[in-house]
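Here's the structure we're looking at; comments come further down.
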There are 2 protein chains.
Amino acid sequence: MSYQDATETSVSFGQPPPREDMQQQWRLITQLHRSYILIENEKGLLLIDQHAAHERINYERIAEQMDGNDAVQKQLLAVPQTIELSLKEKNLLTAHLPHFNDIGFELEFFGGNTVLVRALPLSLRTSELPALIRNLLNDLSGESAECENTTDELKEKTKRVRRTLLYALACRSAVMFGDVLSEEEQRALVSELAKTKNNQSCVHGRPTSYQISLDDLAKWFKRK
Amino acid sequence: MSYQDATETSVSFGQPPPREDMQQQWRLITQLHRSYILIENEKGLLLIDQHAAHERINYERIAEQMDGNDAVQKQLLAVPQTIELSLKEKNLLTAHLPHFNDIGFELEFFGGNTVLVRALPLSLRTSELPALIRNLLNDLSGESAECENTTDELKEKTKRVRRTLLYALACRSAVMFGDVLSEEEQRALVSELAKTKNNQSCVHGRPTSYQISLDDLAKWFKRK
């Protein structure tokens, strides 16, 4: 089957925002080395970095919910989970608790350095919860716990912390290199990526896709 | 499924002749744009030019049969086919008839400019027979029909003509860009290519395969 026979949704890659004239048919090929998704499109062969792509999708979804003042989609834990923090981690969490609840967590202190997790953002894996919370706190360790002197400083800091948390959340809830994805998951990832406002790069600026053109192929094989 | 799960035959690519220490597992992925065969191997992604690969396989098979003085495998036509030649083509064929029979044809003149085809090399498609014969003759049109003065000159000419015909035959009996190959055909092509003495290039010197390494991928996606 070539791309002409494909019955996929029309999507586009390579330029933000997606434009009508760039839309093209594509055929899902497979996952390569459990890390890249291969797509046959009119231009040639498109490779997608599954982690970078998922990070971009997660980021835009959560940011959109927050900008639209929609509640961030969360999952309530049937049994709330407790996590023991270090003193430094506890202080960081104390300073930033509202920001955590902002992005879909429901956390509360439970005495000592223990924090109780009642809910977490929908996309996260509960199995890695303690490590995840610690990682998010670690990403914030550059932020002082001091109060800001002016409203502007506070706003600026809030914005910065929120972005740090969002980036970290988008990254840590994304599929990793080595994760096996079903055909359906691969297809969903590609479709979702195409719908993002900026599908060129992940939140850290790395490319989400790489196009090998028919011209590249012709050159590699000395057909040109 | 990753290459680790693959149950393919061990084969190697990239160096003639195949060496034990280069053997590696591979997984057949698919045909890309009806022209390239994609393989997942330990190194990353291997692309194979289906025409160049088949040309190489055909060439080595026929050359081996001839060198070993085995009869070149041929197919007898149930109904011999006649082809009308131009005077120039007829003269070329007259001069080179033994060479054609050498590589698996059974041709004889039938009066006027008509040639009768009783058999042809096994790999050829009978549907394109007249065009094929004309193309082979065309490839020989640089050779004069004159007799040579010395035995050495004759030997040299015979060798040259034979090589020209073999190259042309290998090329014209190979799958083309755009030919749809079944999964089984793709697999056979890859396996056969790996067994050839020189699997790096087709008889015209173009590469048969192109390896994209995991390192290339990491660089494209700015992971390095």
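Lettering and numbering for the structure tokens are positional, with chains as A, B, ... in the shown order, residues counted from 1 in each chain, and ligands counted from 1 in the shown order.
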
- Task: Check the DSSP output for the backbone and give back, as number ranges by chain, the residues of chain A in strand (DSSP E).
- Result: A: 26-32, 36-41, 44-49, 74-84, 106-109, 114-121, 209-213

Distance query Pro121 of chain B at most 8 Å, only C-alpha atoms, self and fewer than 5 positions along chain excluded, as an mmCIF file with N, CA, C and O atoms, in the first residue's frame:
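And here's selection_23.cif as it stands now:
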```cif
data_model
loop_
_atom_site.group_PDB
_atom_site.id
_atom_site.type_symbol
_atom_site.label_atom_id
_atom_site.label_comp_id
_atom_site.auth_asym_id
_atom_site.auth_seq_id
_atom_site.Cartn_x
_atom_site.Cartn_y
_atom_site.Cartn_z
ATOM 1 N N VAL B 72 22.720 -21.682 -18.141
ATOM 2 C CA VAL B 72 21.944 -20.589 -17.572
ATOM 3 C C VAL B 72 20.476 -21.018 -17.573
ATOM 4 O O VAL B 72 19.980 -21.546 -18.560
ATOM 5 N N GLN B 73 19.838 -20.824 -16.417
ATOM 6 C CA GLN B 73 18.445 -21.266 -16.321
ATOM 7 C C GLN B 73 17.571 -20.509 -17.299
ATOM 8 O O GLN B 73 17.606 -19.282 -17.342
ATOM 9 N N LYS B 74 16.822 -21.253 -18.096
ATOM 10 C CA LYS B 74 15.988 -20.592 -19.099
ATOM 11 C C LYS B 74 14.565 -21.116 -19.038
ATOM 12 O O LYS B 74 14.280 -22.160 -18.449
ATOM 13 N N GLN B 75 13.681 -20.352 -19.637
ATOM 14 C CA GLN B 75 12.289 -20.793 -19.753
ATOM 15 C C GLN B 75 11.983 -20.980 -21.234
ATOM 16 O O GLN B 75 12.190 -20.084 -22.051
ATOM 17 N N ILE B 103 23.775 -16.419 -22.707
ATOM 18 C CA ILE B 103 23.190 -15.903 -21.460
ATOM 19 C C ILE B 103 21.755 -16.399 -21.234
ATOM 20 O O ILE B 103 21.055 -15.910 -20.363
ATOM 21 N N GLY B 104 21.339 -17.383 -22.040
ATOM 22 C CA GLY B 104 20.067 -18.027 -21.732
ATOM 23 C C GLY B 104 18.967 -17.862 -22.774
ATOM 24 O O GLY B 104 17.849 -18.345 -22.572
ATOM 25 N N PHE B 105 19.288 -17.171 -23.866
ATOM 26 C CA PHE B 105 18.280 -17.077 -24.928
ATOM 27 C C PHE B 105 18.417 -18.274 -25.880
ATOM 28 O O PHE B 105 19.478 -18.905 -25.946
#
```

- Message: as a list in words, could you give me every residue of chain B near chain A (at most 7 Å apart, counting only C-alpha atoms)?
- Response: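 Per the criterion, chain B yields Ser2, Leu32, His33, Arg34, Glu40, Arg206, Pro207, Tyr210, Trp220, Phe221 and Lys222 of chain B.
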
- Go through A:Leu93, A:Val175, A:Leu46, A:Ala78 one by one, measure the shortest atom-to-atom distance of each to Arg118 of chain A using only C-alpha atoms, and give the residue with the smallest value.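 When distances to Arg118 of chain A are compared using only C-alpha atoms, the smallest one comes from A:Ala78.
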
- Message: I want to know what sits within 8 Å of Leu136 of chain B, based on only C-alpha atoms, with residues of the same chain fewer than 3 positions away left out; could you give that as a list in words?
- Response: Leu132, Ile133, Asp139, Leu140, Leu165, Ala168 and Leu169 of chain B

Output C-alpha atoms for every residue in the selection just made, as a PDB file, in the first residue's frame.
```pdb
ATOM      1  CA  LEU B 132      13.835  -6.211 -24.103  1.00  0.00           C
ATOM      2  CA  ILE B 133      15.585  -7.735 -27.143  1.00  0.00           C
ATOM      3  CA  ASP B 139      23.272  -1.651 -25.569  1.00  0.00           C
ATOM      4  CA  LEU B 140      25.542  -3.477 -28.045  1.00  0.00           C
ATOM      5  CA  LEU B 165      24.720  -8.209 -22.120  1.00  0.00           C
ATOM      6  CA  ALA B 168      21.742  -5.216 -19.294  1.00  0.00           C
ATOM      7  CA  LEU B 169      20.075  -8.519 -18.551  1.00  0.00           C
TER       8      LEU B 169
END
```

- For Gln65 of chain B, which of B:Leu120, B:Leu129, B:Asp102, B:Tyr167 is the closest residue, counting only C-alpha atoms?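 Comparing B:Leu120, B:Leu129, B:Asp102, B:Tyr167 against Gln65 of chain B, the winner is B:Asp102.
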
What lies within 8 Å of Gln50 of chain B using only C-alpha atoms, ignoring chain neighbours under 3 positions off, as a compact mmCIF listing (two decimals) with all heavy atoms, in the first residue's frame?
```txt
# COMPACT_ATOMS: atom_id res chain seq x y z
N SER B 35 9.46 1.62 -3.74
CA SER B 35 10.80 1.75 -4.32
C SER B 35 11.91 1.30 -3.38
O SER B 35 12.91 0.76 -3.82
CB SER B 35 11.06 3.22 -4.68
OG SER B 35 10.09 3.68 -5.59
N TYR B 36 11.71 1.55 -2.10
CA TYR B 36 12.75 1.22 -1.13
C TYR B 36 12.20 0.23 -0.11
O TYR B 36 11.03 0.31 0.27
CB TYR B 36 13.21 2.49 -0.39
CG TYR B 36 13.70 3.57 -1.32
CD1 TYR B 36 12.87 4.62 -1.70
CD2 TYR B 36 15.00 3.55 -1.83
CE1 TYR B 36 13.31 5.63 -2.56
CE2 TYR B 36 15.45 4.55 -2.69
CZ TYR B 36 14.61 5.57 -3.05
OH TYR B 36 15.05 6.56 -3.90
N ILE B 37 13.04 -0.68 0.33
CA ILE B 37 12.63 -1.61 1.38
C ILE B 37 13.26 -1.13 2.69
O ILE B 37 14.46 -0.85 2.74
CB ILE B 37 13.07 -3.05 1.05
CG1 ILE B 37 12.37 -3.50 -0.24
CG2 ILE B 37 12.73 -4.00 2.19
CD1 ILE B 37 12.88 -4.82 -0.79
N ALA B 53 19.23 -3.51 -5.80
CA ALA B 53 19.48 -4.76 -5.09
C ALA B 53 19.19 -5.96 -6.00
O ALA B 53 19.97 -6.89 -6.09
CB ALA B 53 18.61 -4.83 -3.84
N HIS B 54 18.05 -5.89 -6.69
CA HIS B 54 17.66 -7.01 -7.55
C HIS B 54 18.63 -7.16 -8.72
O HIS B 54 18.96 -8.27 -9.14
CB HIS B 54 16.23 -6.81 -8.04
CG HIS B 54 15.56 -8.08 -8.48
ND1 HIS B 54 14.42 -8.11 -9.21
CD2 HIS B 54 15.92 -9.38 -8.31
CE1 HIS B 54 14.09 -9.37 -9.47
NE2 HIS B 54 14.98 -10.15 -8.93
N VAL B 175 13.23 -5.97 -10.60
CA VAL B 175 12.02 -5.22 -10.27
C VAL B 175 12.33 -3.74 -10.43
O VAL B 175 13.47 -3.31 -10.25
CB VAL B 175 11.53 -5.48 -8.82
CG1 VAL B 175 11.09 -6.92 -8.67
CG2 VAL B 175 12.57 -5.11 -7.79
N MET B 176 11.33 -2.98 -10.80
CA MET B 176 11.52 -1.56 -11.04
C MET B 176 11.04 -0.75 -9.85
O MET B 176 10.31 -1.25 -9.00
CB MET B 176 10.76 -1.13 -12.30
CG MET B 176 11.19 -1.86 -13.55
SD MET B 176 12.96 -1.70 -13.92
CE MET B 176 13.03 0.03 -14.40
N PHE B 177 11.44 0.51 -9.80
CA PHE B 177 10.83 1.46 -8.89
C PHE B 177 9.34 1.49 -9.24
O PHE B 177 8.98 1.53 -10.42
CB PHE B 177 11.42 2.85 -9.12
CG PHE B 177 12.48 3.20 -8.13
CD1 PHE B 177 13.30 2.22 -7.59
CD2 PHE B 177 12.66 4.51 -7.70
CE1 PHE B 177 14.28 2.54 -6.66
CE2 PHE B 177 13.62 4.84 -6.77
CZ PHE B 177 14.43 3.85 -6.25
N LEU B 189 14.21 -10.68 -1.32
CA LEU B 189 15.16 -9.74 -1.93
C LEU B 189 16.27 -9.38 -0.93
O LEU B 189 17.45 -9.37 -1.28
CB LEU B 189 14.40 -8.48 -2.37
CG LEU B 189 15.10 -7.59 -3.39
CD1 LEU B 189 15.25 -8.29 -4.72
CD2 LEU B 189 14.28 -6.30 -3.60
N THR B 208 23.32 -0.19 -3.11
CA THR B 208 22.10 -1.00 -2.97
C THR B 208 21.41 -0.70 -1.64
O THR B 208 20.21 -0.92 -1.51
CB THR B 208 22.43 -2.50 -3.00
OG1 THR B 208 23.48 -2.75 -2.07
CG2 THR B 208 22.87 -2.94 -4.38
```

- Message: Given only C-alpha atoms as the basis, pick out the residue of B:Glu143, B:Glu106, B:Glu183, B:Glu148 nearest to Gln81 of chain B.
- Response: B:Glu106

Each segment 35-127 of chain A residue no farther than 10 Å from segment 170-174 of chain A, nearest pair in Å, only C-alpha atoms, as CSV:
```
residue,atom,partner,partner_atom,distance
A:Gln50,CA,A:Ala174,CA,8.4
A:His51,CA,A:Ala174,CA,5.9
A:Ala52,CA,A:Ala174,CA,8.0
A:Ala53,CA,A:Ala174,CA,8.4
A:His54,CA,A:Ala174,CA,5.2
A:Glu55,CA,A:Ala170,CA,4.9
A:Arg56,CA,A:Ala170,CA,7.1
A:Ile57,CA,A:Ala170,CA,7.9
A:Asn58,CA,A:Ala170,CA,5.0
A:Tyr59,CA,A:Ala170,CA,4.9
A:Glu60,CA,A:Ala170,CA,8.6
A:Arg61,CA,A:Ala170,CA,9.2
A:Ile62,CA,A:Ala170,CA,8.1
A:Ala63,CA,A:Ala170,CA,9.7
A:Pro121,CA,A:Ser173,CA,9.0
A:Leu122,CA,A:Ser173,CA,9.2
A:Ser123,CA,A:Ser173,CA,5.8
A:Leu124,CA,A:Ser173,CA,5.0
A:Arg125,CA,A:Ser173,CA,7.1
```

- Query: Counting only C-alpha atoms, which of A:Gln25, A:Asn138, A:Thr158, A:Pro80 gets nearest to Leu92 of chain A?
  - Reply: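 Comparing A:Gln25, A:Asn138, A:Thr158, A:Pro80 against Leu92 of chain A, the winner is A:Asn138.
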
- For Asn91 of chain A, please output as a list in words all residues within 12 Å (counting only C-alpha atoms; exclusion window: fewer than 3 positions along the same chain).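 Final neighbour list, sorted by chain and number: Leu85, Ser86, Leu87, Lys88, Thr94, Ala95, His96, Leu97, Phe109, Gly112, Asn113, Thr114, Val115, Leu137, Asn138, Leu140, Ser141, Glu143, Ser144, Ala145 and Glu146 of chain A.
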
Just write the chosen residues, N, CA and C atoms, as a JSON list (two decimals), in the first residue's frame.
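Saved to again.json:
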```json
[["chain", "number", "residue", "atom", "x", "y", "z"],
["A", 85, "LEU", "N", 8.83, 13.46, 52.16],
["A", 85, "LEU", "CA", 9.74, 14.40, 51.50],
["A", 85, "LEU", "C", 10.91, 14.74, 52.42],
["A", 86, "SER", "N", 11.96, 15.24, 51.82],
["A", 86, "SER", "CA", 13.05, 15.79, 52.63],
["A", 86, "SER", "C", 12.59, 17.17, 53.11],
["A", 87, "LEU", "N", 13.33, 17.77, 54.03],
["A", 87, "LEU", "CA", 12.95, 19.09, 54.55],
["A", 87, "LEU", "C", 12.97, 20.12, 53.42],
["A", 88, "LYS", "N", 14.02, 20.01, 52.58],
["A", 88, "LYS", "CA", 14.15, 20.96, 51.47],
["A", 88, "LYS", "C", 12.95, 20.82, 50.52],
["A", 94, "THR", "N", 5.75, 23.66, 50.08],
["A", 94, "THR", "CA", 4.99, 24.65, 50.84],
["A", 94, "THR", "C", 4.87, 25.95, 50.05],
["A", 95, "ALA", "N", 6.02, 26.36, 49.46],
["A", 95, "ALA", "CA", 6.03, 27.62, 48.72],
["A", 95, "ALA", "C", 5.21, 27.55, 47.44],
["A", 96, "HIS", "N", 5.14, 26.36, 46.86],
["A", 96, "HIS", "CA", 4.54, 26.26, 45.52],
["A", 96, "HIS", "C", 3.27, 25.43, 45.47],
["A", 97, "LEU", "N", 2.70, 25.11, 46.61],
["A", 97, "LEU", "CA", 1.52, 24.24, 46.65],
["A", 97, "LEU", "C", 0.40, 24.70, 45.70],
["A", 109, "PHE", "N", -0.63, 18.64, 53.19],
["A", 109, "PHE", "CA", 0.33, 18.16, 54.17],
["A", 109, "PHE", "C", -0.37, 17.32, 55.21],
["A", 112, "GLY", "N", 4.47, 16.33, 59.80],
["A", 112, "GLY", "CA", 5.88, 16.05, 59.53],
["A", 112, "GLY", "C", 6.23, 16.45, 58.12],
["A", 113, "ASN", "N", 7.01, 15.60, 57.41],
["A", 113, "ASN", "CA", 7.35, 15.90, 56.02],
["A", 113, "ASN", "C", 6.51, 15.08, 55.05],
["A", 114, "THR", "N", 5.40, 14.60, 55.53],
["A", 114, "THR", "CA", 4.56, 13.75, 54.69],
["A", 114, "THR", "C", 3.56, 14.58, 53.91],
["A", 115, "VAL", "N", 3.44, 14.24, 52.62],
["A", 115, "VAL", "CA", 2.42, 14.91, 51.81],
["A", 115, "VAL", "C", 1.44, 13.85, 51.31],
["A", 137, "LEU", "N", 9.64, 18.98, 42.04],
["A", 137, "LEU", "CA", 10.18, 19.89, 43.07],
["A", 137, "LEU", "C", 11.62, 20.25, 42.74],
["A", 138, "ASN", "N", 12.35, 19.27, 42.25],
["A", 138, "ASN", "CA", 13.74, 19.51, 41.88],
["A", 138, "ASN", "C", 13.84, 20.57, 40.78],
["A", 140, "LEU", "N", 12.01, 22.96, 40.43],
["A", 140, "LEU", "CA", 11.68, 24.28, 41.02],
["A", 140, "LEU", "C", 12.74, 24.74, 42.01],
["A", 141, "SER", "N", 13.78, 23.93, 42.21],
["A", 141, "SER", "CA", 14.72, 24.23, 43.30],
["A", 141, "SER", "C", 15.48, 25.53, 43.07],
["A", 143, "GLU", "N", 14.04, 28.25, 42.31],
["A", 143, "GLU", "CA", 13.15, 29.33, 42.75],
["A", 143, "GLU", "C", 13.26, 29.50, 44.27],
["A", 144, "SER", "N", 13.49, 30.74, 44.71],
["A", 144, "SER", "CA", 13.57, 30.94, 46.17],
["A", 144, "SER", "C", 12.18, 30.85, 46.78],
["A", 145, "ALA", "N", 12.13, 30.46, 48.03],
["A", 145, "ALA", "CA", 10.84, 30.35, 48.72],
["A", 145, "ALA", "C", 10.44, 31.70, 49.34],
["A", 146, "GLU", "N", 11.30, 32.71, 49.13],
["A", 146, "GLU", "CA", 11.03, 34.04, 49.71],
["A", 146, "GLU", "C", 9.82, 34.69, 49.05]]
```

- Query: Of the candidates A:Leu107, A:Ile83, A:Leu154, A:Val161, which one gets nearest to Arg134 of chain A if we count only C-alpha atoms?
  - Reply: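 Answer, going by the shortest atom-to-atom distance: A:Ile83.
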
- Task: Enter the distance from atom CA of Glu128 of chain A to atom CA of Asp67 of chain A, in Å, rounded to one decimal.
- Result: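 Between atom CA of Glu128 of chain A and atom CA of Asp67 of chain A the gap is 27.3 Å.
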